[in-house]
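Asks: Provided herewith: input-v9.txt, compact mmCIF, C-alpha atoms and all ligand atoms.
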# COMPACT_ATOMS: atom_id res chain seq x y z
CA MET A 1334 0.00 0.00 0.00
CA SER A 1335 1.23 3.51 -0.75
CA ASN A 1336 -0.17 6.87 0.18
CA LYS A 1337 -0.87 10.07 -1.74
CA ALA A 1338 -2.10 13.46 -0.55
CA ALA A 1339 -3.40 16.77 -1.85
CA TRP A 1340 -0.57 19.10 -0.77
CA LEU A 1341 -0.61 22.85 -0.27
CA MET A 1342 3.01 23.41 -1.25
CA SER A 1343 3.39 27.07 -0.23
CA PRO A 1344 1.26 30.00 0.97
CA LYS A 1345 -1.77 30.52 -1.29
CA ALA A 1346 -0.51 27.94 -3.82
CA HIS A 1347 -3.28 27.00 -6.23
CA PRO A 1348 -4.17 24.32 -7.18
CA LEU A 1349 -3.27 21.76 -4.54
CA THR A 1350 -0.53 19.39 -5.72
CA ILE A 1351 -1.21 15.66 -5.75
CA GLY A 1352 1.88 13.79 -4.62
CA ASP A 1353 3.30 10.98 -2.52
CA ALA A 1354 2.83 11.07 1.26
CA SER A 1355 4.20 8.90 4.05
CA MET A 1356 2.19 5.82 4.91
CA PRO A 1357 0.90 6.49 8.45
CA VAL A 1358 1.48 3.99 11.25
CA ALA A 1359 -1.05 3.43 14.05
CA GLY A 1360 0.34 4.64 17.37
CA GLN A 1361 -1.14 4.22 20.86
CA GLY A 1362 -4.89 4.88 20.74
CA GLU A 1363 -4.91 5.32 16.96
CA VAL A 1364 -6.23 3.57 13.88
CA ILE A 1365 -5.30 3.88 10.21
CA ILE A 1366 -8.21 4.67 7.91
CA ARG A 1367 -8.38 4.02 4.20
CA ASN A 1368 -10.20 7.15 3.16
CA HIS A 1369 -13.28 6.79 0.94
CA ALA A 1370 -14.86 10.26 1.12
CA ILE A 1371 -13.92 13.73 2.33
CA ALA A 1372 -16.02 16.87 2.76
CA ILE A 1373 -15.09 20.54 2.49
CA ASN A 1374 -15.34 23.05 5.34
CA PRO A 1375 -14.93 26.83 5.13
CA VAL A 1376 -11.64 26.57 7.03
CA ASN A 1377 -10.10 24.41 4.27
CA TRP A 1378 -10.66 27.17 1.76
CA ALA A 1379 -9.59 29.86 4.24
CA ILE A 1380 -6.25 28.20 5.06
CA GLN A 1381 -5.35 28.06 1.38
CA ALA A 1382 -6.76 31.37 0.18
CA LEU A 1383 -6.41 33.59 3.26
CA GLU A 1384 -3.67 31.94 5.36
CA VAL A 1385 -6.02 32.17 8.38
CA PHE A 1386 -3.82 29.84 10.43
CA PRO A 1387 -0.04 29.52 10.42
CA VAL A 1388 0.77 26.16 8.84
CA SER A 1389 4.04 24.44 8.00
CA TYR A 1390 4.53 23.93 4.26
CA PRO A 1391 4.13 21.69 2.42
CA PHE A 1392 0.84 21.11 4.20
CA ILE A 1393 -1.96 18.54 4.17
CA GLY A 1394 -5.37 19.82 5.28
CA GLY A 1395 -8.83 18.36 5.64
CA ASN A 1396 -11.09 17.71 8.62
CA ASP A 1397 -14.03 15.62 7.41
CA ALA A 1398 -13.48 12.04 6.30
CA ALA A 1399 -15.12 8.63 6.21
CA GLY A 1400 -13.52 5.30 5.41
CA GLU A 1401 -12.55 1.84 6.52
CA ILE A 1402 -10.12 0.88 9.27
CA VAL A 1403 -7.10 -0.99 7.86
CA GLU A 1404 -4.89 -1.10 10.96
CA VAL A 1405 -5.41 -0.64 14.70
CA GLY A 1406 -2.87 0.49 17.27
CA PRO A 1407 -1.59 -1.98 19.90
CA ASP A 1408 -3.97 -0.83 22.67
CA VAL A 1409 -7.15 -0.34 20.57
CA ASP A 1410 -9.99 -2.74 21.36
CA ALA A 1411 -13.17 -0.73 20.57
CA PHE A 1412 -12.46 -0.86 16.81
CA LYS A 1413 -11.21 -3.54 14.45
CA VAL A 1414 -9.89 -3.80 10.91
CA GLY A 1415 -12.81 -3.52 8.48
CA ASP A 1416 -14.96 -1.21 10.62
CA ARG A 1417 -16.63 1.59 8.64
CA VAL A 1418 -16.13 4.91 10.41
CA LEU A 1419 -16.38 8.67 10.09
CA ALA A 1420 -13.52 10.75 11.49
CA LEU A 1421 -12.79 14.28 12.55
CA ALA A 1422 -9.30 14.50 11.10
CA GLU A 1423 -6.69 17.02 12.24
CA GLY A 1424 -5.89 19.25 9.30
CA ASP A 1425 -4.45 21.79 11.71
CA GLY A 1426 -1.27 22.68 9.96
CA SER A 1427 1.43 21.22 12.16
CA ARG A 1428 4.03 18.69 11.05
CA GLU A 1429 3.10 16.64 14.10
CA HIS A 1430 -0.42 16.15 12.73
CA GLU A 1431 0.40 15.69 9.04
CA ALA A 1432 -0.48 11.98 9.31
CA ASN A 1433 -3.86 12.87 10.89
CA ALA A 1434 -5.16 15.13 8.09
CA ALA A 1435 -8.01 14.09 5.79
CA PHE A 1436 -6.89 15.13 2.32
CA GLN A 1437 -4.97 11.89 1.70
CA LEU A 1438 -5.70 8.28 0.84
CA PHE A 1439 -4.67 6.92 4.25
CA PHE A 1440 -4.57 8.81 7.54
CA SER A 1441 -4.25 8.04 11.22
CA ALA A 1442 -6.96 9.06 13.68
CA LYS A 1443 -7.26 8.98 17.44
CA VAL A 1444 -10.01 6.57 18.48
CA ASN A 1445 -11.93 9.27 20.38
CA ARG A 1446 -12.32 11.19 17.08
CA ILE A 1447 -13.89 8.36 15.09
CA ALA A 1448 -17.41 6.89 15.16
CA LYS A 1449 -18.71 3.71 13.58
CA ILE A 1450 -21.33 4.10 10.87
CA PRO A 1451 -24.05 1.58 10.00
CA ASN A 1452 -24.04 -0.27 6.67
CA HIS A 1453 -26.95 1.77 5.30
CA THR A 1454 -24.90 5.00 5.63
CA SER A 1455 -22.64 5.58 2.62
CA TYR A 1456 -19.17 7.06 3.07
CA ALA A 1457 -20.28 10.21 1.21
CA GLU A 1458 -23.20 10.57 3.63
CA ALA A 1459 -21.00 9.99 6.67
CA ALA A 1460 -18.43 12.56 5.53
CA VAL A 1461 -20.95 15.41 5.91
CA PHE A 1462 -20.83 15.24 9.71
CA PRO A 1463 -17.46 15.51 11.44
CA LEU A 1464 -16.54 19.20 11.88
CA GLY A 1465 -20.14 20.44 11.79
CA MET A 1466 -21.18 17.90 14.41
CA ALA A 1467 -18.15 18.54 16.63
CA THR A 1468 -18.66 22.30 16.50
CA ALA A 1469 -22.39 22.12 17.20
CA ALA A 1470 -21.93 19.60 20.02
CA SER A 1471 -19.23 21.76 21.62
CA ALA A 1472 -21.56 24.76 21.44
CA LEU A 1473 -24.61 23.04 22.87
CA PHE A 1474 -23.44 20.63 25.55
CA GLN A 1475 -20.19 21.81 27.13
CA LYS A 1476 -20.37 23.27 30.64
CA ASP A 1477 -18.85 26.56 29.41
CA THR A 1478 -21.29 26.93 26.49
CA HIS A 1479 -25.05 26.15 26.45
CA ALA A 1480 -24.50 23.30 28.96
CA LEU A 1481 -27.56 21.35 27.77
CA PRO A 1482 -28.23 17.70 28.63
CA LEU A 1483 -26.55 15.35 26.15
CA PRO A 1484 -28.41 13.67 23.26
CA GLN A 1485 -29.64 10.12 23.80
CA VAL A 1486 -31.50 7.40 21.92
CA PRO A 1487 -34.39 7.70 22.56
CA PRO A 1488 -34.39 11.44 23.41
CA VAL A 1489 -35.49 12.58 26.87
CA PRO A 1490 -38.08 15.38 26.34
CA GLN A 1491 -37.09 18.78 27.77
CA THR A 1492 -40.10 21.03 26.81
CA LYS A 1493 -37.73 23.96 26.29
CA THR A 1494 -37.13 25.85 23.04
CA ILE A 1495 -33.86 27.00 21.48
CA LEU A 1496 -33.21 28.92 18.26
CA VAL A 1497 -30.61 27.78 15.71
CA TRP A 1498 -29.79 30.66 13.36
CA GLY A 1499 -28.50 29.22 10.10
CA GLY A 1500 -30.19 25.81 10.31
CA SER A 1501 -29.38 24.97 6.68
CA SER A 1502 -25.63 25.43 7.19
CA SER A 1503 -23.53 22.41 7.95
CA VAL A 1504 -23.00 23.38 11.60
CA GLY A 1505 -26.64 24.47 11.95
CA ALA A 1506 -28.11 21.24 10.55
CA CYS A 1507 -25.97 19.24 12.96
CA ALA A 1508 -27.12 21.50 15.81
CA ILE A 1509 -30.80 20.91 14.97
CA GLN A 1510 -30.36 17.14 14.98
CA LEU A 1511 -28.29 17.13 18.18
CA LEU A 1512 -30.93 19.28 19.91
CA VAL A 1513 -33.75 17.01 18.78
CA GLY A 1514 -31.69 14.09 20.08
CA ALA A 1515 -31.38 15.92 23.38
CA GLY A 1516 -35.17 16.33 23.57
CA PHE A 1517 -35.48 20.07 22.82
CA GLU A 1518 -38.03 21.90 20.73
CA VAL A 1519 -36.00 23.54 17.98
CA ALA A 1520 -36.65 26.73 16.06
CA ALA A 1521 -34.48 27.29 12.99
CA THR A 1522 -33.88 29.94 10.36
CA ALA A 1523 -33.03 29.06 6.75
CA GLY A 1524 -33.74 30.26 3.24
CA ALA A 1525 -37.40 29.87 2.20
CA HIS A 1526 -36.52 26.96 -0.10
CA ASN A 1527 -34.95 25.05 2.81
CA LEU A 1528 -37.70 25.40 5.42
CA GLU A 1529 -39.30 22.01 4.66
CA ALA A 1530 -35.88 20.38 4.92
CA MET A 1531 -35.45 21.97 8.36
CA LYS A 1532 -38.71 20.31 9.44
CA ASP A 1533 -37.52 17.00 7.99
CA ILE A 1534 -34.51 17.03 10.34
CA GLY A 1535 -36.66 17.89 13.34
CA ALA A 1536 -37.17 21.66 13.61
CA LYS A 1537 -40.60 22.45 15.07
CA TYR A 1538 -40.61 26.17 14.19
CA VAL A 1539 -39.02 27.45 10.96
CA PHE A 1540 -38.40 31.00 9.76
CA ASP A 1541 -37.16 32.43 6.46
CA HIS A 1542 -34.03 34.35 7.41
CA LYS A 1543 -34.49 36.75 4.49
CA LYS A 1544 -38.06 37.74 5.35
CA GLN A 1545 -38.51 41.35 6.40
CA GLY A 1546 -39.33 41.43 10.12
CA VAL A 1547 -38.19 37.85 10.75
CA ALA A 1548 -36.92 38.72 14.24
CA GLU A 1549 -40.34 39.99 15.32
CA ASP A 1550 -41.98 36.87 13.82
CA ILE A 1551 -39.64 34.69 15.88
CA ILE A 1552 -40.31 36.69 19.04
CA ASN A 1553 -44.08 36.48 18.50
CA ASP A 1554 -44.16 32.77 17.66
CA LEU A 1555 -41.80 31.64 20.42
CA GLY A 1556 -43.14 34.07 23.03
CA GLY A 1557 -45.18 31.45 24.84
CA THR A 1558 -42.41 28.84 24.97
CA ASP A 1559 -39.81 28.17 27.64
CA PHE A 1560 -37.02 29.77 25.58
CA ILE A 1561 -33.42 29.13 26.64
CA GLY A 1562 -31.27 30.88 24.05
CA VAL A 1563 -29.71 31.05 20.60
CA PHE A 1564 -27.00 29.17 18.77
CA CYS A 1565 -25.77 31.10 15.73
CA ALA A 1566 -23.88 29.33 12.95
CA ILE A 1567 -23.56 32.40 10.72
CA LEU A 1568 -20.58 34.72 10.84
CA GLU A 1569 -22.21 38.08 10.09
CA ALA A 1570 -22.18 41.01 12.52
CA GLU A 1571 -25.73 42.01 11.66
CA ILE A 1572 -27.04 38.47 12.26
CA ILE A 1573 -25.16 38.21 15.55
CA ARG A 1574 -26.75 41.50 16.72
CA LEU A 1575 -30.19 40.23 15.69
CA CYS A 1576 -29.68 36.95 17.57
CA GLY A 1577 -28.71 38.91 20.70
CA TYR A 1578 -31.84 41.03 20.35
CA ILE A 1579 -34.04 37.93 20.00
CA ALA A 1580 -32.39 36.18 22.95
CA ASN A 1581 -32.91 39.25 25.09
CA LYS A 1582 -36.55 39.76 24.09
CA LEU A 1583 -37.43 36.12 24.69
CA GLY A 1584 -35.61 35.99 28.02
CA GLY A 1585 -33.29 33.15 26.99
CA ASN A 1586 -30.27 35.29 27.65
CA LYS A 1587 -27.65 32.95 26.36
CA PHE A 1588 -26.02 33.33 22.97
CA VAL A 1589 -23.37 31.04 21.53
CA SER A 1590 -21.62 31.74 18.24
CA THR A 1591 -19.47 29.49 16.10
CA VAL A 1592 -16.68 31.94 15.61
CA LEU A 1593 -16.33 35.35 17.20
CA PRO A 1594 -14.71 35.73 20.63
CA PRO A 1595 -16.86 37.19 23.43
CA THR A 1596 -15.13 40.59 23.39
CA VAL A 1597 -15.99 41.08 19.73
CA LEU A 1598 -19.53 39.89 20.34
CA ARG A 1599 -20.03 42.45 23.11
CA GLN A 1600 -18.56 45.29 21.09
CA ASP A 1601 -20.84 44.26 18.30
CA GLY A 1602 -23.93 45.44 20.11
CA MET A 1603 -25.10 42.59 22.31
CA PRO A 1604 -27.87 43.80 24.61
CA ALA A 1605 -26.84 44.08 28.27
CA GLY A 1606 -27.58 40.84 30.10
CA VAL A 1607 -27.06 38.54 27.13
CA GLU A 1608 -24.36 36.09 28.08
CA THR A 1609 -22.15 35.39 25.07
CA CYS A 1610 -19.50 32.86 24.21
CA ASN A 1611 -17.90 31.35 21.17
CA VAL A 1612 -16.81 27.83 20.49
CA TRP A 1613 -13.97 25.88 18.94
CA GLY A 1614 -15.01 22.75 17.10
CA THR A 1615 -12.68 20.26 18.76
CA THR A 1616 -12.98 21.00 22.48
CA LEU A 1617 -15.65 18.31 23.02
CA PHE A 1618 -12.90 15.69 22.95
CA GLU A 1619 -11.45 17.17 26.16
CA ASN A 1620 -14.60 16.61 28.23
CA GLU A 1621 -17.65 14.34 28.59
CA VAL A 1622 -19.36 15.59 25.40
CA GLY A 1623 -17.06 13.78 22.94
CA PRO A 1624 -17.49 10.30 24.46
CA GLN A 1625 -21.30 10.53 24.45
CA VAL A 1626 -21.73 12.14 21.01
CA TRP A 1627 -18.88 10.42 19.13
CA GLY A 1628 -18.65 7.22 21.14
CA ASN A 1629 -22.36 6.52 21.41
CA TRP A 1630 -24.99 8.83 19.94
CA ILE A 1631 -23.81 9.17 16.31
CA TYR A 1632 -23.86 5.42 15.65
CA THR A 1633 -27.08 4.65 17.51
CA ALA A 1634 -28.95 7.62 16.01
CA LEU A 1635 -27.72 6.80 12.48
CA ALA A 1636 -28.63 3.14 12.98
CA ASN A 1637 -32.24 3.86 14.00
CA GLY A 1638 -32.65 6.54 11.32
CA SER A 1639 -33.19 9.47 13.68
CA LEU A 1640 -29.90 11.09 12.55
CA LYS A 1641 -29.98 11.91 8.84
CA PRO A 1642 -27.03 12.91 6.65
CA ALA A 1643 -27.56 16.67 6.57
CA PRO A 1644 -26.88 18.82 4.70
CA PRO A 1645 -27.02 16.09 2.06
CA PRO A 1646 -23.75 15.36 0.25
CA LEU A 1647 -23.14 17.14 -3.05
CA VAL A 1648 -20.56 14.85 -4.65
CA VAL A 1649 -18.53 16.99 -7.05
CA GLY A 1650 -15.87 14.53 -8.13
CA LYS A 1651 -13.71 11.52 -7.49
CA GLY A 1652 -10.09 11.34 -6.38
CA LEU A 1653 -7.69 13.70 -4.62
CA GLU A 1654 -7.53 15.74 -7.87
CA SER A 1655 -11.12 16.86 -7.25
CA ILE A 1656 -10.46 18.44 -3.85
CA GLN A 1657 -9.42 21.79 -5.33
CA LYS A 1658 -12.55 21.89 -7.45
CA ALA A 1659 -14.58 21.02 -4.36
CA CYS A 1660 -13.12 23.94 -2.39
CA GLY A 1661 -14.06 26.20 -5.29
CA ARG A 1662 -17.55 24.75 -5.35
CA TRP A 1663 -18.01 25.53 -1.64
CA ARG A 1664 -16.70 29.05 -2.20
CA ALA A 1665 -19.16 29.61 -5.07
CA GLY A 1666 -21.94 29.18 -2.51
CA VAL A 1667 -23.82 26.25 -1.02
CA SER A 1668 -27.39 26.09 0.22
CA TYR A 1669 -28.10 23.12 2.49
CA GLN A 1670 -25.41 21.11 0.66
CA LYS A 1671 -22.17 19.60 1.89
CA VAL A 1672 -19.53 19.45 -0.82
CA VAL A 1673 -18.01 15.97 -0.93
CA VAL A 1674 -15.29 14.18 -2.92
CA GLU A 1675 -15.29 10.40 -3.17
CA LEU A 1676 -11.84 8.88 -3.21
CA ASP A 1677 -12.60 5.62 -5.01
N1 LIG B 1701 -15.58 27.58 15.47
C1 LIG B 1701 -15.38 26.49 14.77
O1 LIG B 1701 -14.66 25.58 15.18
C2 LIG B 1701 -16.07 26.34 13.46
C3 LIG B 1701 -16.16 25.08 12.85
C4 LIG B 1701 -16.87 24.95 11.67
C5 LIG B 1701 -17.43 26.07 11.07
N2 LIG B 1701 -17.26 27.29 11.66
C6 LIG B 1701 -17.86 28.48 11.05
O2 LIG B 1701 -19.27 28.32 11.11
C7 LIG B 1701 -19.85 28.98 9.99
C8 LIG B 1701 -20.76 28.00 9.27
O3 LIG B 1701 -19.98 27.01 8.61
P1 LIG B 1701 -20.72 25.90 7.74
O4 LIG B 1701 -19.71 25.01 7.16
O5 LIG B 1701 -21.79 25.32 8.54
O6 LIG B 1701 -21.35 26.83 6.60
P2 LIG B 1701 -22.08 26.45 5.23
O7 LIG B 1701 -22.72 25.09 5.34
O8 LIG B 1701 -21.17 26.70 4.12
O9 LIG B 1701 -23.23 27.58 5.23
C9 LIG B 1701 -24.06 27.72 4.13
C10 LIG B 1701 -25.46 28.04 4.63
O10 LIG B 1701 -25.45 29.30 5.30
C11 LIG B 1701 -26.77 29.79 5.26
N3 LIG B 1701 -26.79 31.24 5.49
C12 LIG B 1701 -26.02 32.17 4.88
N4 LIG B 1701 -26.33 33.40 5.36
C13 LIG B 1701 -27.35 33.23 6.26
C14 LIG B 1701 -28.09 34.11 7.10
N5 LIG B 1701 -27.88 35.43 7.06
N6 LIG B 1701 -29.01 33.58 7.94
C15 LIG B 1701 -29.22 32.25 7.99
N7 LIG B 1701 -28.55 31.35 7.20
C16 LIG B 1701 -27.63 31.86 6.35
C17 LIG B 1701 -27.28 29.45 3.88
O11 LIG B 1701 -28.67 29.30 4.02
P3 LIG B 1701 -29.78 29.30 2.83
O12 LIG B 1701 -29.10 28.76 1.61
O13 LIG B 1701 -30.85 28.39 3.37
O14 LIG B 1701 -30.22 30.72 2.67
C18 LIG B 1701 -26.51 28.16 3.53
O15 LIG B 1701 -27.35 27.02 3.57
C19 LIG B 1701 -18.69 29.50 9.13
O16 LIG B 1701 -18.47 30.86 9.45
C20 LIG B 1701 -17.52 28.66 9.60
O17 LIG B 1701 -16.28 29.29 9.40
C21 LIG B 1701 -16.62 27.44 12.83
Is it possible to give me this structure as structure tokens?
Replies:
Amino acid sequence: MSNKAAWLMSPKAHPLTIGDASMPVAGQGEVIIRNHAIAINPVNWAIQALEVFPVSYPFIGGNDAAGEIVEVGPDVDAFKVGDRVLALAEGDGSREHEANAAFQLFFSAKVNRIAKIPNHTSYAEAAVFPLGMATAASALFQKDTHALPLPQVPPVPQTKTILVWGGSSSVGACAIQLLVGAGFEVAATAGAHNLEAMKDIGAKYVFDHKKQGVAEDIINDLGGTDFIGVFCAILEAEIIRLCGYIANKLGGNKFVSTVLPPTVLRQDGMPAGVETCNVWGTTLFENEVGPQVWGNWIYTALANGSLKPAPPPLVVGKGLESIQKACGRWRAGVSYQKVVVELD
């Protein structure tokens, strides 16, 4: 077996270069995955086009992957060769993690960052989840974020309502499904053409984010509910202000954003009393959230059909050569679609 990767050879190099890569070896607590599908996240484009993070060149990126285990480390007993898994890979830019990045044919992954997938879930479907799910779960369940009870199969009803702004985004769709799994009543915003899809993945209340006066509609419709706060998956100052306004009016004074740090959020016009925080998509693996969501809920919820691949995969090509095109496809704009490349 030999390995190949899609390399970013130097800052802003375009396109990615397909070339040989080291064959990874499974260390303690690791498995080697033969990669069958990868998905694109905004950060993949941003590292290449904007140099948002310092990375060591040549660099292998990629966070979302799904494939088959071909080797297990000496101390691994929860997984075996042949298991079909999804993985949150570590395309974080350091030499140390080069073997853990997704944009290659084989990569190593820590066992706490992989989840088994049932036979009825294709690799392309499984690849839509990892970073979106990790980010949403970190935002909803950690003690320093929304601190909600964890999702379970079957869900334990909570009779409380929460708003997901940007429900048709990758992070937002994962948030809706995690919240439904945790027993909450979910309100979601999306484009008008995606409102039915939001209901299909469990949102009880849906709102067209482009409709004039949408904030007042949300406040009116959710006014009688036990409202606990907002999770915003959209990085726009105006949207963040609007979410703060809604949280404040509905008395669920907690606002969690995917990106901006609390100081920026406050300066950006959060109403007094709205507690704000941001989230980083990998922190769930440092606390109790990762083991329940990755180690338990994803498989059981996929297996019984309550967790659906969402946004659905938009397969734009095959092979590592298609990853650059896929980044461009994401950049051109997606609407409730997760851009995916199949690797064989
Ligand atoms: N902190 C972290 O660790 C972390 C991790 C992952 C992502 N992120 C960030 O989270 C954000 C979302 O990423 P993603 O991959 O989920 O995005 P995405 O799937 O590419 O988002 C596309 C969706 O955004 C929706 N949208 C755009 N503007 C909107 C608005 N004003 N109101 C409501 N929805 C709107 C569109 O909805 P319609 O087509 O329905 O109109 C579209 O479906 C990005 O800023 C990303 O950088 C952060």
Asks: Taking all atoms listed in the file into account, list the residues no farther than 7 Å from ligand LIG 1701 (chain B), as an mmCIF file with C-alpha atoms, in the frame of the given file.
Replies:
data_model
loop_
_atom_site.group_PDB
_atom_site.id
_atom_site.type_symbol
_atom_site.label_atom_id
_atom_site.label_comp_id
_atom_site.auth_asym_id
_atom_site.auth_seq_id
_atom_site.Cartn_x
_atom_site.Cartn_y
_atom_site.Cartn_z
ATOM 1 C CA ASN A 1374 -15.340 23.050 5.340
ATOM 2 C CA PRO A 1375 -14.930 26.830 5.130
ATOM 3 C CA VAL A 1376 -11.640 26.570 7.030
ATOM 4 C CA LEU A 1464 -16.540 19.200 11.880
ATOM 5 C CA GLY A 1465 -20.140 20.440 11.790
ATOM 6 C CA THR A 1468 -18.660 22.300 16.500
ATOM 7 C CA TRP A 1498 -29.790 30.660 13.360
ATOM 8 C CA GLY A 1499 -28.500 29.220 10.100
ATOM 9 C CA GLY A 1500 -30.190 25.810 10.310
ATOM 10 C CA SER A 1501 -29.380 24.970 6.680
ATOM 11 C CA SER A 1502 -25.630 25.430 7.190
ATOM 12 C CA SER A 1503 -23.530 22.410 7.950
ATOM 13 C CA VAL A 1504 -23.000 23.380 11.600
ATOM 14 C CA GLY A 1505 -26.640 24.470 11.950
ATOM 15 C CA THR A 1522 -33.880 29.940 10.360
ATOM 16 C CA ALA A 1523 -33.030 29.060 6.750
ATOM 17 C CA GLY A 1524 -33.740 30.260 3.240
ATOM 18 C CA ALA A 1525 -37.400 29.870 2.200
ATOM 19 C CA HIS A 1526 -36.520 26.960 -0.100
ATOM 20 C CA ASN A 1527 -34.950 25.050 2.810
ATOM 21 C CA HIS A 1542 -34.030 34.350 7.410
ATOM 22 C CA ALA A 1566 -23.880 29.330 12.950
ATOM 23 C CA ILE A 1567 -23.560 32.400 10.720
ATOM 24 C CA LEU A 1568 -20.580 34.720 10.840
ATOM 25 C CA GLU A 1569 -22.210 38.080 10.090
ATOM 26 C CA ILE A 1572 -27.040 38.470 12.260
ATOM 27 C CA THR A 1591 -19.470 29.490 16.100
ATOM 28 C CA VAL A 1592 -16.680 31.940 15.610
ATOM 29 C CA VAL A 1612 -16.810 27.830 20.490
ATOM 30 C CA TRP A 1613 -13.970 25.880 18.940
ATOM 31 C CA GLY A 1614 -15.010 22.750 17.100
ATOM 32 C CA THR A 1615 -12.680 20.260 18.760
ATOM 33 C CA TRP A 1663 -18.010 25.530 -1.640
ATOM 34 C CA VAL A 1667 -23.820 26.250 -1.020
ATOM 35 C CA SER A 1668 -27.390 26.090 0.220
ATOM 36 C CA TYR A 1669 -28.100 23.120 2.490
ATOM 37 C CA GLN A 1670 -25.410 21.110 0.660
ATOM 38 C CA LYS A 1671 -22.170 19.600 1.890
#
Asks: Of the residues A:Pro1344, A:Gly1360, A:Pro1488, A:Gly1406, which is the one nearest to A:Ala1634, using all atoms listed in the file?
Replies: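 Nearest to A:Ala1634: A:Pro1488.
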Asks: Determine the nearest neighbour of A:Gly1395 from the options A:Gly1535, A:Gly1424, A:Gly1623, A:Gly1577, counting all atoms listed in the file.
Replies: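 Of A:Gly1535, A:Gly1424, A:Gly1623, A:Gly1577, the one nearest A:Gly1395, counting all atoms listed in the file, is A:Gly1424.
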Asks: In Å, with one decimal, what is the gap from atom CA of A:Ser1639 to atom CA of A:Ile1365?
Replies: 28.7 Å
Asks: Go through A:Glu1429, A:Asp1416, A:Asp1477, A:Asp1397 one by one, measure the shortest atom-to-atom distance of each to A:Glu1608 using all atoms listed in the file, and give the residue with the smallest value.
Replies: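 The shortest atom-to-atom distance to A:Glu1608 comes from A:Asp1477.
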Asks: If we count all atoms listed in the file and set the cut-off at 9 Å, which residues sit around A:Glu1384, ignoring sequence neighbours fewer than 4 positions away in its own chain? Please answer as JSON, numbers by chain.
Replies: {"A": [1344, 1345, 1379, 1380, 1388]}
Asks: Could you check the closest approach to A:Glu1458 for each of A:Ala1370, A:Leu1512, A:Ala1435, A:Ile1561 and tell me which residue wins, using only C-alpha atoms?
Replies: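 Checking each candidate against A:Glu1458, we get A:Ala1370 as the closest.
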Asks: Mind pulling up the distance from atom CA of A:Ala1521 to atom CA of A:Trp1627?
Replies: 23.8 Å
Asks: At a cut-off of 10 Å, using all atoms listed in the file, what residues contact stretch 1420-1423 of chain A? Leave out same-chain residues fewer than 3 positions from it and give the result as a count of residues only.
Replies: 42
Asks: Take stretch 1562-1571 of chain A, bring it up to N, CA, C and O atoms, and give me the output as a PDB file, in the frame of the given file.
Replies:
ATOM      1  N   GLY A1562     -32.380  30.165  24.660  1.00  0.00           N
ATOM      2  CA  GLY A1562     -31.270  30.880  24.050  1.00  0.00           C
ATOM      3  C   GLY A1562     -31.109  30.617  22.565  1.00  0.00           C
ATOM      4  O   GLY A1562     -31.975  30.022  21.924  1.00  0.00           O
ATOM      5  N   VAL A1563     -29.973  31.099  22.040  1.00  0.00           N
ATOM      6  CA  VAL A1563     -29.710  31.050  20.600  1.00  0.00           C
ATOM      7  C   VAL A1563     -28.345  30.410  20.349  1.00  0.00           C
ATOM      8  O   VAL A1563     -27.392  30.658  21.086  1.00  0.00           O
ATOM      9  N   PHE A1564     -28.282  29.589  19.308  1.00  0.00           N
ATOM     10  CA  PHE A1564     -27.000  29.170  18.770  1.00  0.00           C
ATOM     11  C   PHE A1564     -26.922  29.692  17.343  1.00  0.00           C
ATOM     12  O   PHE A1564     -27.795  29.387  16.518  1.00  0.00           O
ATOM     13  N   CYS A1565     -25.900  30.478  17.054  1.00  0.00           N
ATOM     14  CA  CYS A1565     -25.770  31.100  15.730  1.00  0.00           C
ATOM     15  C   CYS A1565     -24.617  30.479  14.967  1.00  0.00           C
ATOM     16  O   CYS A1565     -23.483  30.480  15.447  1.00  0.00           O
ATOM     17  N   ALA A1566     -24.914  29.967  13.778  1.00  0.00           N
ATOM     18  CA  ALA A1566     -23.880  29.330  12.950  1.00  0.00           C
ATOM     19  C   ALA A1566     -23.411  30.251  11.827  1.00  0.00           C
ATOM     20  O   ALA A1566     -22.666  29.805  10.954  1.00  0.00           O
ATOM     21  N   ILE A1567     -23.863  31.494  11.846  1.00  0.00           N
ATOM     22  CA  ILE A1567     -23.560  32.400  10.720  1.00  0.00           C
ATOM     23  C   ILE A1567     -22.671  33.546  11.188  1.00  0.00           C
ATOM     24  O   ILE A1567     -23.000  34.260  12.136  1.00  0.00           O
ATOM     25  N   LEU A1568     -21.562  33.703  10.475  1.00  0.00           N
ATOM     26  CA  LEU A1568     -20.580  34.720  10.840  1.00  0.00           C
ATOM     27  C   LEU A1568     -20.886  36.039  10.125  1.00  0.00           C
ATOM     28  O   LEU A1568     -20.273  36.377   9.123  1.00  0.00           O
ATOM     29  N   GLU A1569     -21.882  36.753  10.638  1.00  0.00           N
ATOM     30  CA  GLU A1569     -22.210  38.080  10.090  1.00  0.00           C
ATOM     31  C   GLU A1569     -22.592  38.962  11.256  1.00  0.00           C
ATOM     32  O   GLU A1569     -23.472  38.607  12.040  1.00  0.00           O
ATOM     33  N   ALA A1570     -21.955  40.138  11.359  1.00  0.00           N
ATOM     34  CA  ALA A1570     -22.180  41.010  12.520  1.00  0.00           C
ATOM     35  C   ALA A1570     -23.653  41.346  12.688  1.00  0.00           C
ATOM     36  O   ALA A1570     -24.191  41.328  13.808  1.00  0.00           O
ATOM     37  N   GLU A1571     -24.335  41.620  11.583  1.00  0.00           N
ATOM     38  CA  GLU A1571     -25.730  42.010  11.660  1.00  0.00           C
ATOM     39  C   GLU A1571     -26.601  40.871  12.216  1.00  0.00           C
ATOM     40  O   GLU A1571     -27.511  41.079  13.025  1.00  0.00           O
TER      41      GLU A1571
END
